[in-house]
Amino acid sequence: MQNSRCVFWSRTLLLGLILWGAVAGPASAYDTDNRRTPIVTAVEQVGPAVVNIFTEEAPRLTENPFRGFMGDSLFEKYFEEFYQQRESDRRSLGSGVIIDPQGYILTNEHVVAKAVRVKVTLIDNREFEGKVVGADIKSDLAVIKIDPDRPLPYVEMGRSNDLMIGETVVAIGNPFGLKHTVTTGIISAVDRTIRASEKQVFNDFIQVDASINPGNSGGPLININGSLIGINTAIFKDAQGIGFAIPIDKARRIVDNLLQYGKVRRGWLGVSVQDLTPKAARHFGLDHVHGVLVTNVFRRSPAKRAGLQPGDILLRIDGHEIADKSDYFRQIASYTVDDHFRLKYLRDGHRHKAIVHISPISKDAAGEMAKQWLGISVKEINWKHAKRHRIMARNGVVVTKVRPRGPSGEVGILPGDVIRQMNESKIRNLGEFNTAILEAGKLSSVLLLVQRGRNSYYVTLEP
């Protein structure tokens with residue numbers, strides 16, 4: 001009897017479990033709580049702030065191949081009208097992320113470069129005309145403004161100074177026009193330097209293995225907490241699993257300048273530096289070749305106020321080791337006027353720290369740099385200079401003094417010569433000369449376009 005009861009209850013329990021499984025099993029398959037991972041939550045949080053960006057470039061005119069062969073005949077007029085038809089507007093596609101509810105959007109500079117029209121599409125398919133507030137080709141960042149009728153979903157900029165190699169990241173964008181595509185991966189490396197061309201080098205990139213394709217440019221890179229940590233910006237052609245993003249800490253400095261001034265106000269540190277040789281590194285007690293040697297500190301410069309001296313070896317900027325002279329200039333270029341950074345340097349065998357506050361280069365500082373570095377003094381062109389030296393040029397700056405044994409004197413530059421270009425920068429006035437010499441100070445040589453009378457010639461200086 002007792003065994004019969006045991007069998008009865010066992011069968012009852014088994015039947016109950018089967019019935020519970022039949023009911024509970026299928027329900028759990030639709031239980032979203034178990035499937036809403038941190039990545040899903042982060043995408044739900046940030047996704048509505050990701051936009052699609054279309055741009056139209058200026059149309060090109062097709063040239064008439066028969067021009068000049070038919071005189072002024074009606075046939076030439078006909079062909080001229082035929083060949084002057086506008087080519088179809090060229091469209092480019094990119095992504096962006098809303099960083100302010102009033103419609104400010106962060107994207108890449110190359111997404112909006114040469115655009116005559118910008119169209120922004122939101123996740124709800126609303127379309128807006130966009131206006132470029134500011135763009136900076138050196139950082140490849142731009143800010144677009146649209147005018148919504150109500151506040152928009154947006155993402156606050158996070159931080160990127162605590163990134164961990166191997167942590168999970170999410171990229172959101174519009175690759176190949178596929179709206180709001182989400183890809184995941186990990187941070188593969190930080191502080192990457194990418195050469196976009198012979199003249200353009202980007203530094204301090206985040207390298208990720210999340211899929212980033214054409215159209216992703218300008219979209220957000222986020223961590224699993226939904227924090228905006230970077231702006232997706234580049235891929236290696238024909239590479240798989242290699243993408244790059246601009247760290248948001250760097251982007252924030254650029255964005256602040258673009259919003260306030262419409263451009264980036266780059267300052268200067270006020271030192272001349274040179275690379276260290278292996279022999280010099282051993283002399284100073286360094287275990288490997290890194291850092292740059294300060295050869296000159298300009299008066300009234302940020303470096304002078306921070307206490308730097310010739311002979312100091314600059315080792316780290318905000319915790320990033322300085323590899324060489326080129327790396328030093330790339331790191332300095334990411335800081336704008338009124339920024340500050342922590343500097344580590346070596347003096348007399350002892351390591352020191354300093355806080356450096358970046359300031360704009362003044363006329364006096366630029367003049368001192370020109371005098372010490374190039375061996376010349378310059379001024380704005382006025383009628384007295386034009387009459388005295390028979391100056392034919394309207395734009396540029398006039399050389400007033402030349403140090404005979406300086407770099408300019410050795411190549412034959414004379415008082416009265418007009419400098420019209422420095423490297424890639426055209427010079428129309430003293431302000432542009434000041435900006436150009438600041439940029440030129442980062443290079444090992446300087447190319448000048450000099451005009452004397454009616455003749456112009458190029459000279460290369462190696463200060």
# chains A, B, ... in the order shown; residues from 1 in each chain; ligands from 1
call {"tool": "residues_around", "arguments": {"residues": "range 345-362 of chain A", "least_positions_apart": "4", "cutoff": "6 Å", "atoms": "only C-alpha atoms", "output": "list in words"}}
result
Gly267, Ala306, Asp312, Ile313, Leu314, Leu315, Val337, Asp338, Asp339, His340 and Phe341 of chain A
call {"tool": "residues_around", "arguments": {"residues": "Asn395 in chain A", "least_positions_apart": "6", "cutoff": "9 Å", "atoms": "only C-alpha atoms", "output": "ChimeraX atom specification"}}
result
/A:381,418-420,427-429
call {"tool": "write_last_selection", "arguments": {"atoms": "C-alpha atoms", "output": "PDB file, in the first residue's frame"}}
result
ATOM      1  CA  ILE A 381      53.702  96.384 -46.056  1.00  0.00           C
ATOM      2  CA  VAL A 418      58.425  90.251 -49.529  1.00  0.00           C
ATOM      3  CA  ILE A 419      57.456  86.865 -48.079  1.00  0.00           C
ATOM      4  CA  ARG A 420      54.228  85.730 -49.741  1.00  0.00           C
ATOM      5  CA  ILE A 427      50.680  85.057 -46.358  1.00  0.00           C
ATOM      6  CA  ARG A 428      48.704  88.237 -46.915  1.00  0.00           C
ATOM      7  CA  ASN A 429      49.409  90.063 -43.658  1.00  0.00           C
TER       8      ASN A 429
END
call {"tool": "residues_around", "arguments": {"residues": "Val190 in chain A", "least_positions_apart": "2", "cutoff": "6 Å", "atoms": "only C-alpha atoms", "output": "short mmCIF file (atom, residue, chain, number, x, y, z; two decimals) with C-alpha atoms, in the first residue's frame"}}
result
data_model
loop_
_atom_site.label_atom_id
_atom_site.label_comp_id
_atom_site.auth_asym_id
_atom_site.auth_seq_id
_atom_site.Cartn_x
_atom_site.Cartn_y
_atom_site.Cartn_z
CA ARG A 192 47.78 54.94 -32.51
CA ILE A 206 41.72 54.46 -30.58
CA GLN A 207 42.08 51.22 -32.55
#
call {"tool": "atom_distance", "arguments": {"atom1": "CA of Ile322 in chain A", "atom2": "CA of Ser227 in chain A"}}
result
28.5 Å
call {"tool": "closest_residue", "arguments": {"among": "A:Leu228, A:Ile105, A:Ile186, A:Val112", "to": "Arg159 in chain A", "atoms": "only C-alpha atoms"}}
result
A:Leu228
call {"tool": "closest_residue", "arguments": {"among": "A:Asp209, A:Asp417, A:Glu410, A:Asp249", "to": "Asp318 in chain A", "atoms": "only C-alpha atoms"}}
result
A:Asp249
call {"tool": "residues_around", "arguments": {"residues": "Pro278 in chain A", "least_positions_apart": "5", "cutoff": "10 Å", "atoms": "only C-alpha atoms", "output": "compact mmCIF listing (two decimals) with N, CA and C atoms, in the first residue's frame"}}
result
# COMPACT_ATOMS: atom_id res chain seq x y z
N HIS A 283 73.78 59.28 -22.31
CA HIS A 283 74.44 60.32 -21.52
C HIS A 283 73.52 60.86 -20.44
N LEU A 286 68.89 57.69 -19.80
CA LEU A 286 67.61 57.12 -20.22
C LEU A 286 67.82 55.67 -20.65
N ASP A 287 66.87 54.79 -20.29
CA ASP A 287 67.02 53.38 -20.60
C ASP A 287 66.70 53.08 -22.07
N HIS A 288 66.01 53.99 -22.76
CA HIS A 288 65.77 53.85 -24.19
C HIS A 288 65.59 55.24 -24.81
N VAL A 289 65.72 55.32 -26.10
CA VAL A 289 65.65 56.61 -26.77
C VAL A 289 64.21 57.09 -26.83
N HIS A 290 63.91 58.14 -26.11
CA HIS A 290 62.60 58.80 -26.17
C HIS A 290 62.75 60.20 -25.60
call {"tool": "select_by_dssp", "arguments": {"residues": "range 79-215 of chain A", "states": "strand (DSSP E)", "output": "compact mmCIF listing (two decimals) with N, CA and C atoms, in the first residue's frame"}}
result
# COMPACT_ATOMS: atom_id res chain seq x y z
N ARG A 91 27.06 63.15 -54.23
CA ARG A 91 26.60 63.00 -52.86
C ARG A 91 27.57 62.12 -52.07
N SER A 92 27.79 62.50 -50.84
CA SER A 92 28.57 61.66 -49.94
C SER A 92 27.72 61.33 -48.73
N LEU A 93 28.08 60.30 -48.04
CA LEU A 93 27.27 59.79 -46.95
C LEU A 93 28.13 59.57 -45.72
N GLY A 94 27.62 59.96 -44.58
CA GLY A 94 28.35 59.75 -43.34
C GLY A 94 27.38 59.68 -42.17
N SER A 95 27.94 59.69 -40.98
CA SER A 95 27.15 59.59 -39.76
C SER A 95 27.51 60.75 -38.84
N GLY A 96 26.72 60.90 -37.81
CA GLY A 96 26.98 61.92 -36.80
C GLY A 96 26.26 61.56 -35.52
N VAL A 97 26.57 62.29 -34.45
CA VAL A 97 25.91 62.04 -33.17
C VAL A 97 25.52 63.38 -32.57
N ILE A 98 24.26 63.45 -32.11
CA ILE A 98 23.75 64.67 -31.51
C ILE A 98 24.34 64.82 -30.11
N ILE A 99 24.99 65.95 -29.85
CA ILE A 99 25.64 66.18 -28.56
C ILE A 99 24.95 67.27 -27.75
N ASP A 100 23.86 67.83 -28.31
CA ASP A 100 23.13 68.88 -27.61
C ASP A 100 21.67 68.81 -28.06
N TYR A 104 22.92 70.39 -32.08
CA TYR A 104 24.34 70.39 -32.45
C TYR A 104 24.81 68.95 -32.64
N ILE A 105 25.46 68.69 -33.77
CA ILE A 105 25.84 67.33 -34.17
C ILE A 105 27.34 67.29 -34.40
N LEU A 106 27.99 66.29 -33.83
CA LEU A 106 29.43 66.08 -34.01
C LEU A 106 29.65 65.02 -35.08
N THR A 107 30.56 65.31 -36.00
CA THR A 107 30.88 64.38 -37.08
C THR A 107 32.32 64.59 -37.51
N ALA A 115 31.23 70.53 -49.00
CA ALA A 115 29.77 70.42 -49.13
C ALA A 115 29.15 71.79 -49.36
N VAL A 116 28.22 71.86 -50.29
CA VAL A 116 27.44 73.08 -50.48
C VAL A 116 26.05 72.92 -49.87
N ARG A 117 25.71 71.70 -49.53
CA ARG A 117 24.44 71.43 -48.87
C ARG A 117 24.59 70.22 -47.97
N VAL A 118 24.03 70.31 -46.77
CA VAL A 118 24.09 69.22 -45.80
C VAL A 118 22.67 68.86 -45.39
N LYS A 119 22.33 67.60 -45.49
CA LYS A 119 21.01 67.12 -45.08
C LYS A 119 21.19 66.08 -43.97
N VAL A 120 20.44 66.24 -42.91
CA VAL A 120 20.54 65.36 -41.75
C VAL A 120 19.21 64.62 -41.56
N THR A 121 19.30 63.29 -41.44
CA THR A 121 18.11 62.47 -41.21
C THR A 121 18.19 61.84 -39.83
N GLU A 127 13.83 64.94 -41.63
CA GLU A 127 14.98 65.49 -42.33
C GLU A 127 15.12 66.98 -42.05
N PHE A 128 16.38 67.42 -41.93
CA PHE A 128 16.68 68.82 -41.66
C PHE A 128 17.84 69.28 -42.55
N GLU A 129 17.82 70.55 -42.88
CA GLU A 129 18.98 71.17 -43.51
C GLU A 129 19.99 71.47 -42.42
N GLY A 130 21.24 71.10 -42.66
CA GLY A 130 22.27 71.33 -41.67
C GLY A 130 23.21 72.46 -42.06
N LYS A 131 23.71 73.16 -41.08
CA LYS A 131 24.68 74.23 -41.29
C LYS A 131 25.97 73.85 -40.57
N VAL A 132 27.09 73.98 -41.28
CA VAL A 132 28.39 73.68 -40.66
C VAL A 132 28.79 74.85 -39.77
N VAL A 133 28.80 74.61 -38.47
CA VAL A 133 29.19 75.65 -37.50
C VAL A 133 30.68 75.88 -37.53
N GLY A 134 31.43 74.81 -37.65
CA GLY A 134 32.89 74.89 -37.70
C GLY A 134 33.46 73.54 -38.06
N ALA A 135 34.63 73.56 -38.68
CA ALA A 135 35.29 72.31 -39.07
C ALA A 135 36.79 72.49 -38.93
N ASP A 136 37.46 71.41 -38.59
CA ASP A 136 38.91 71.44 -38.39
C ASP A 136 39.54 70.26 -39.11
N LEU A 141 37.45 66.83 -37.41
CA LEU A 141 36.21 66.97 -36.65
C LEU A 141 35.43 68.18 -37.16
N ALA A 142 34.12 68.08 -37.09
CA ALA A 142 33.25 69.19 -37.50
C ALA A 142 31.99 69.16 -36.65
N VAL A 143 31.35 70.33 -36.53
CA VAL A 143 30.09 70.46 -35.82
C VAL A 143 29.05 71.01 -36.78
N ILE A 144 27.89 70.33 -36.85
CA ILE A 144 26.76 70.74 -37.69
C ILE A 144 25.62 71.18 -36.77
N LYS A 145 24.85 72.17 -37.23
CA LYS A 145 23.69 72.62 -36.46
C LYS A 145 22.42 72.44 -37.30
N THR A 168 34.97 45.96 -24.11
CA THR A 168 33.98 45.91 -25.18
C THR A 168 33.52 47.31 -25.58
N VAL A 169 33.43 47.54 -26.89
CA VAL A 169 32.94 48.82 -27.40
C VAL A 169 31.91 48.56 -28.49
N VAL A 170 31.11 49.58 -28.77
CA VAL A 170 30.04 49.48 -29.76
C VAL A 170 30.16 50.66 -30.71
N ALA A 171 30.09 50.38 -32.02
CA ALA A 171 30.10 51.43 -33.04
C ALA A 171 28.72 51.48 -33.69
N ILE A 172 28.18 52.68 -33.82
CA ILE A 172 26.86 52.86 -34.45
C ILE A 172 27.02 53.84 -35.60
N GLY A 173 26.44 53.51 -36.74
CA GLY A 173 26.55 54.40 -37.89
C GLY A 173 25.70 53.93 -39.05
N THR A 181 23.27 50.94 -38.17
CA THR A 181 23.91 49.63 -38.05
C THR A 181 24.78 49.61 -36.80
N VAL A 182 24.65 48.54 -36.03
CA VAL A 182 25.40 48.40 -34.78
C VAL A 182 26.42 47.27 -34.93
N THR A 183 27.67 47.56 -34.59
CA THR A 183 28.71 46.53 -34.57
C THR A 183 29.43 46.60 -33.23
N THR A 184 29.94 45.48 -32.80
CA THR A 184 30.64 45.42 -31.52
C THR A 184 32.04 44.87 -31.71
N GLY A 185 32.88 45.12 -30.73
CA GLY A 185 34.24 44.60 -30.75
C GLY A 185 34.92 44.99 -29.46
N ILE A 186 36.24 45.04 -29.51
CA ILE A 186 37.01 45.43 -28.34
C ILE A 186 38.00 46.53 -28.73
N ILE A 187 38.52 47.20 -27.72
CA ILE A 187 39.61 48.15 -27.96
C ILE A 187 40.89 47.35 -28.16
N SER A 188 41.46 47.49 -29.36
CA SER A 188 42.67 46.73 -29.69
C SER A 188 43.93 47.45 -29.24
N ALA A 189 43.90 48.79 -29.28
CA ALA A 189 45.08 49.59 -28.89
C ALA A 189 44.65 51.03 -28.73
N VAL A 190 45.46 51.82 -28.08
CA VAL A 190 45.25 53.26 -27.95
C VAL A 190 46.52 53.98 -28.38
N ASP A 191 46.42 55.30 -28.53
CA ASP A 191 47.56 56.13 -28.91
C ASP A 191 48.14 55.74 -30.27
N ARG A 192 47.30 55.30 -31.18
CA ARG A 192 47.78 54.94 -32.51
C ARG A 192 48.01 56.19 -33.36
N THR A 193 49.06 56.18 -34.16
CA THR A 193 49.34 57.24 -35.11
C THR A 193 49.05 56.73 -36.51
N ILE A 194 48.21 57.48 -37.25
CA ILE A 194 47.77 57.06 -38.58
C ILE A 194 48.18 58.12 -39.59
N ARG A 195 48.88 57.70 -40.64
CA ARG A 195 49.26 58.61 -41.71
C ARG A 195 48.21 58.53 -42.82
N VAL A 201 48.94 63.62 -40.82
CA VAL A 201 49.15 62.54 -39.87
C VAL A 201 48.23 62.79 -38.67
N PHE A 202 47.50 61.75 -38.25
CA PHE A 202 46.64 61.83 -37.09
C PHE A 202 47.26 61.01 -35.97
N ASN A 203 47.18 61.52 -34.77
CA ASN A 203 47.75 60.79 -33.64
C ASN A 203 46.72 60.56 -32.56
N ASP A 204 47.06 59.70 -31.63
CA ASP A 204 46.23 59.45 -30.45
C ASP A 204 44.92 58.76 -30.79
N PHE A 205 44.88 57.97 -31.86
CA PHE A 205 43.65 57.27 -32.24
C PHE A 205 43.40 56.06 -31.35
N ILE A 206 42.12 55.72 -31.20
CA ILE A 206 41.72 54.46 -30.58
C ILE A 206 41.58 53.43 -31.70
N GLN A 207 42.23 52.29 -31.56
CA GLN A 207 42.08 51.22 -32.55
C GLN A 207 41.10 50.19 -32.01
N VAL A 208 40.12 49.83 -32.84
CA VAL A 208 39.10 48.85 -32.44
C VAL A 208 38.97 47.79 -33.52
call {"tool": "closest_residue", "arguments": {"among": "A:Gly416, A:Pro463, A:Gly47, A:Gly158", "to": "Thr400 in chain A", "atoms": "only C-alpha atoms"}}
result
A:Gly416
call {"tool": "residues_around", "arguments": {"residues": "Leu374 in chain A", "least_positions_apart": "2", "cutoff": "10 Å", "atoms": "only C-alpha atoms", "output": "PyMOL selection string"}}
result
chain A and resi 368-372+376-377+402-403+406-409+437+441+446+461-463
call {"tool": "residues_around", "arguments": {"residues": "range 174-177 of chain A", "least_positions_apart": "3", "cutoff": "6 Å", "atoms": "only C-alpha atoms", "output": "number ranges by chain"}}
result
A: 95, 180-181, 213-216
call {"tool": "write_last_selection", "arguments": {"atoms": "N, CA and C atoms", "output": "PDB file, in the first residue's frame"}}
result
ATOM      1  N   SER A  95      27.941  59.691 -40.981  1.00  0.00           N
ATOM      2  CA  SER A  95      27.151  59.593 -39.755  1.00  0.00           C
ATOM      3  C   SER A  95      27.508  60.754 -38.836  1.00  0.00           C
ATOM      4  N   HIS A 180      21.559  53.091 -39.042  1.00  0.00           N
ATOM      5  CA  HIS A 180      21.671  52.634 -37.666  1.00  0.00           C
ATOM      6  C   HIS A 180      22.144  51.185 -37.551  1.00  0.00           C
ATOM      7  N   THR A 181      23.271  50.940 -38.168  1.00  0.00           N
ATOM      8  CA  THR A 181      23.909  49.631 -38.050  1.00  0.00           C
ATOM      9  C   THR A 181      24.781  49.609 -36.804  1.00  0.00           C
ATOM     10  N   ASN A 213      32.900  50.722 -41.648  1.00  0.00           N
ATOM     11  CA  ASN A 213      32.915  50.765 -43.100  1.00  0.00           C
ATOM     12  C   ASN A 213      32.557  52.172 -43.583  1.00  0.00           C
ATOM     13  N   PRO A 214      32.717  52.428 -44.898  1.00  0.00           N
ATOM     14  CA  PRO A 214      32.319  53.731 -45.427  1.00  0.00           C
ATOM     15  C   PRO A 214      30.886  54.068 -45.038  1.00  0.00           C
ATOM     16  N   GLY A 215      30.703  55.259 -44.520  1.00  0.00           N
ATOM     17  CA  GLY A 215      29.401  55.668 -44.008  1.00  0.00           C
ATOM     18  C   GLY A 215      29.360  55.677 -42.498  1.00  0.00           C
ATOM     19  N   ASN A 216      30.263  54.927 -41.848  1.00  0.00           N
ATOM     20  CA  ASN A 216      30.383  54.952 -40.392  1.00  0.00           C
ATOM     21  C   ASN A 216      31.053  56.229 -39.898  1.00  0.00           C
TER      22      ASN A 216
END
call {"tool": "select_by_dssp", "arguments": {"residues": "range 210-335 of chain A", "states": "alpha helix (DSSP H)", "output": "JSON list (two decimals) with N, CA and C atoms, in the first residue's frame"}}
result
[["chain", "number", "residue", "atom", "x", "y", "z"],
["A", 248, "ILE", "N", 37.37, 60.92, -27.28],
["A", 248, "ILE", "CA", 36.43, 61.99, -26.98],
["A", 248, "ILE", "C", 37.07, 63.10, -26.16],
["A", 249, "ASP", "N", 38.10, 62.79, -25.37],
["A", 249, "ASP", "CA", 38.77, 63.86, -24.62],
["A", 249, "ASP", "C", 39.39, 64.87, -25.58],
["A", 250, "LYS", "N", 39.97, 64.38, -26.66],
["A", 250, "LYS", "CA", 40.54, 65.26, -27.67],
["A", 250, "LYS", "C", 39.44, 65.98, -28.43],
["A", 251, "ALA", "N", 38.38, 65.25, -28.75],
["A", 251, "ALA", "CA", 37.27, 65.85, -29.50],
["A", 251, "ALA", "C", 36.62, 66.97, -28.70],
["A", 252, "ARG", "N", 36.51, 66.80, -27.39],
["A", 252, "ARG", "CA", 35.85, 67.82, -26.57],
["A", 252, "ARG", "C", 36.58, 69.16, -26.67],
["A", 253, "ARG", "N", 37.92, 69.14, -26.66],
["A", 253, "ARG", "CA", 38.68, 70.39, -26.77],
["A", 253, "ARG", "C", 38.41, 71.06, -28.11],
["A", 254, "ILE", "N", 38.35, 70.26, -29.17],
["A", 254, "ILE", "CA", 38.11, 70.81, -30.50],
["A", 254, "ILE", "C", 36.69, 71.36, -30.60],
["A", 255, "VAL", "N", 35.71, 70.60, -30.08],
["A", 255, "VAL", "CA", 34.31, 71.01, -30.16],
["A", 255, "VAL", "C", 34.09, 72.33, -29.43],
["A", 256, "ASP", "N", 34.68, 72.48, -28.27],
["A", 256, "ASP", "CA", 34.52, 73.73, -27.51],
["A", 256, "ASP", "C", 34.97, 74.92, -28.33],
["A", 257, "ASN", "N", 36.09, 74.78, -29.05],
["A", 257, "ASN", "CA", 36.58, 75.87, -29.90],
["A", 257, "ASN", "C", 35.67, 76.11, -31.09],
["A", 258, "LEU", "N", 35.21, 75.04, -31.73],
["A", 258, "LEU", "CA", 34.34, 75.19, -32.90],
["A", 258, "LEU", "C", 33.02, 75.86, -32.53],
["A", 259, "LEU", "N", 32.46, 75.50, -31.38],
["A", 259, "LEU", "CA", 31.21, 76.11, -30.96],
["A", 259, "LEU", "C", 31.38, 77.57, -30.58],
["A", 260, "GLN", "N", 32.49, 77.91, -29.97],
["A", 260, "GLN", "CA", 32.68, 79.27, -29.48],
["A", 260, "GLN", "C", 33.26, 80.20, -30.54],
["A", 261, "TYR", "N", 34.17, 79.68, -31.37],
["A", 261, "TYR", "CA", 34.87, 80.55, -32.31],
["A", 261, "TYR", "C", 34.66, 80.17, -33.78],
["A", 278, "PRO", "N", 70.87, 58.00, -29.73],
["A", 278, "PRO", "CA", 71.13, 56.95, -28.72],
["A", 278, "PRO", "C", 72.26, 57.32, -27.77],
["A", 279, "LYS", "N", 73.28, 57.98, -28.30],
["A", 279, "LYS", "CA", 74.41, 58.37, -27.46],
["A", 279, "LYS", "C", 73.97, 59.41, -26.44],
["A", 280, "ALA", "N", 73.15, 60.39, -26.88],
["A", 280, "ALA", "CA", 72.68, 61.42, -25.95],
["A", 280, "ALA", "C", 71.76, 60.81, -24.90],
["A", 281, "ALA", "N", 70.91, 59.87, -25.31],
["A", 281, "ALA", "CA", 70.00, 59.22, -24.35],
["A", 281, "ALA", "C", 70.79, 58.50, -23.26],
["A", 282, "ARG", "N", 71.85, 57.80, -23.65],
["A", 282, "ARG", "CA", 72.69, 57.13, -22.65],
["A", 282, "ARG", "C", 73.36, 58.15, -21.74],
["A", 283, "HIS", "N", 73.78, 59.28, -22.31],
["A", 283, "HIS", "CA", 74.44, 60.32, -21.52],
["A", 283, "HIS", "C", 73.52, 60.86, -20.44],
["A", 302, "PRO", "N", 54.49, 80.11, -22.79],
["A", 302, "PRO", "CA", 54.00, 79.17, -21.78],
["A", 302, "PRO", "C", 55.12, 78.33, -21.17],
["A", 303, "ALA", "N", 56.09, 77.95, -22.00],
["A", 303, "ALA", "CA", 57.21, 77.14, -21.49],
["A", 303, "ALA", "C", 58.05, 77.93, -20.49],
["A", 304, "LYS", "N", 58.26, 79.19, -20.79],
["A", 304, "LYS", "CA", 59.04, 80.04, -19.88],
["A", 304, "LYS", "C", 58.32, 80.20, -18.56],
["A", 305, "ARG", "N", 57.01, 80.42, -18.61],
["A", 305, "ARG", "CA", 56.24, 80.57, -17.39],
["A", 305, "ARG", "C", 56.18, 79.28, -16.58],
["A", 325, "LYS", "N", 60.66, 63.99, -31.97],
["A", 325, "LYS", "CA", 60.24, 65.35, -32.28],
["A", 325, "LYS", "C", 58.89, 65.38, -32.98],
["A", 326, "SER", "N", 58.70, 64.49, -33.94],
["A", 326, "SER", "CA", 57.42, 64.46, -34.66],
["A", 326, "SER", "C", 56.28, 64.12, -33.72],
["A", 327, "ASP", "N", 56.50, 63.16, -32.83],
["A", 327, "ASP", "CA", 55.48, 62.78, -31.87],
["A", 327, "ASP", "C", 55.19, 63.92, -30.92],
["A", 328, "TYR", "N", 56.20, 64.65, -30.52],
["A", 328, "TYR", "CA", 56.02, 65.81, -29.64],
["A", 328, "TYR", "C", 55.08, 66.83, -30.28],
["A", 329, "PHE", "N", 55.32, 67.18, -31.55],
["A", 329, "PHE", "CA", 54.49, 68.18, -32.22],
["A", 329, "PHE", "C", 53.07, 67.67, -32.43],
["A", 330, "ARG", "N", 52.90, 66.37, -32.69],
["A", 330, "ARG", "CA", 51.56, 65.83, -32.85],
["A", 330, "ARG", "C", 50.78, 65.93, -31.55],
["A", 331, "GLN", "N", 51.44, 65.66, -30.42],
["A", 331, "GLN", "CA", 50.75, 65.74, -29.15],
["A", 331, "GLN", "C", 50.40, 67.18, -28.79],
["A", 332, "ILE", "N", 51.33, 68.09, -29.01],
["A", 332, "ILE", "CA", 51.09, 69.50, -28.70],
["A", 332, "ILE", "C", 49.94, 70.04, -29.54],
["A", 333, "ALA", "N", 49.84, 69.58, -30.81],
["A", 333, "ALA", "CA", 48.83, 70.10, -31.72],
["A", 333, "ALA", "C", 47.40, 69.80, -31.27]]
call {"tool": "atom_distance", "arguments": {"atom1": "CA of Asn423 in chain A", "atom2": "CA of Thr460 in chain A"}}
result
9.3 Å
call {"tool": "closest_residue", "arguments": {"among": "A:Glu424, A:Asp364, A:Glu44, A:Glu109", "to": "Lys138 in chain A", "atoms": "only C-alpha atoms"}}
result
A:Glu109
call {"tool": "decode", "arguments": {"residues": "range 239-252 of chain A", "atoms": "C-alpha atoms", "output": "mmCIF file, in the first residue's frame"}}
result
data_model
loop_
_atom_site.group_PDB
_atom_site.id
_atom_site.type_symbol
_atom_site.label_atom_id
_atom_site.label_comp_id
_atom_site.auth_asym_id
_atom_site.auth_seq_id
_atom_site.Cartn_x
_atom_site.Cartn_y
_atom_site.Cartn_z
ATOM 1 C CA ALA A 239 41.880 45.543 -43.952
ATOM 2 C CA GLN A 240 39.523 43.520 -41.800
ATOM 3 C CA GLY A 241 38.936 44.071 -38.112
ATOM 4 C CA ILE A 242 40.896 47.335 -37.971
ATOM 5 C CA GLY A 243 39.050 50.592 -37.317
ATOM 6 C CA PHE A 244 39.969 53.872 -35.661
ATOM 7 C CA ALA A 245 38.222 56.504 -33.580
ATOM 8 C CA ILE A 246 39.137 59.941 -32.247
ATOM 9 C CA PRO A 247 39.238 59.909 -28.421
ATOM 10 C CA ILE A 248 36.429 61.987 -26.981
ATOM 11 C CA ASP A 249 38.775 63.857 -24.621
ATOM 12 C CA LYS A 250 40.543 65.257 -27.670
ATOM 13 C CA ALA A 251 37.275 65.852 -29.499
ATOM 14 C CA ARG A 252 35.855 67.824 -26.566
#
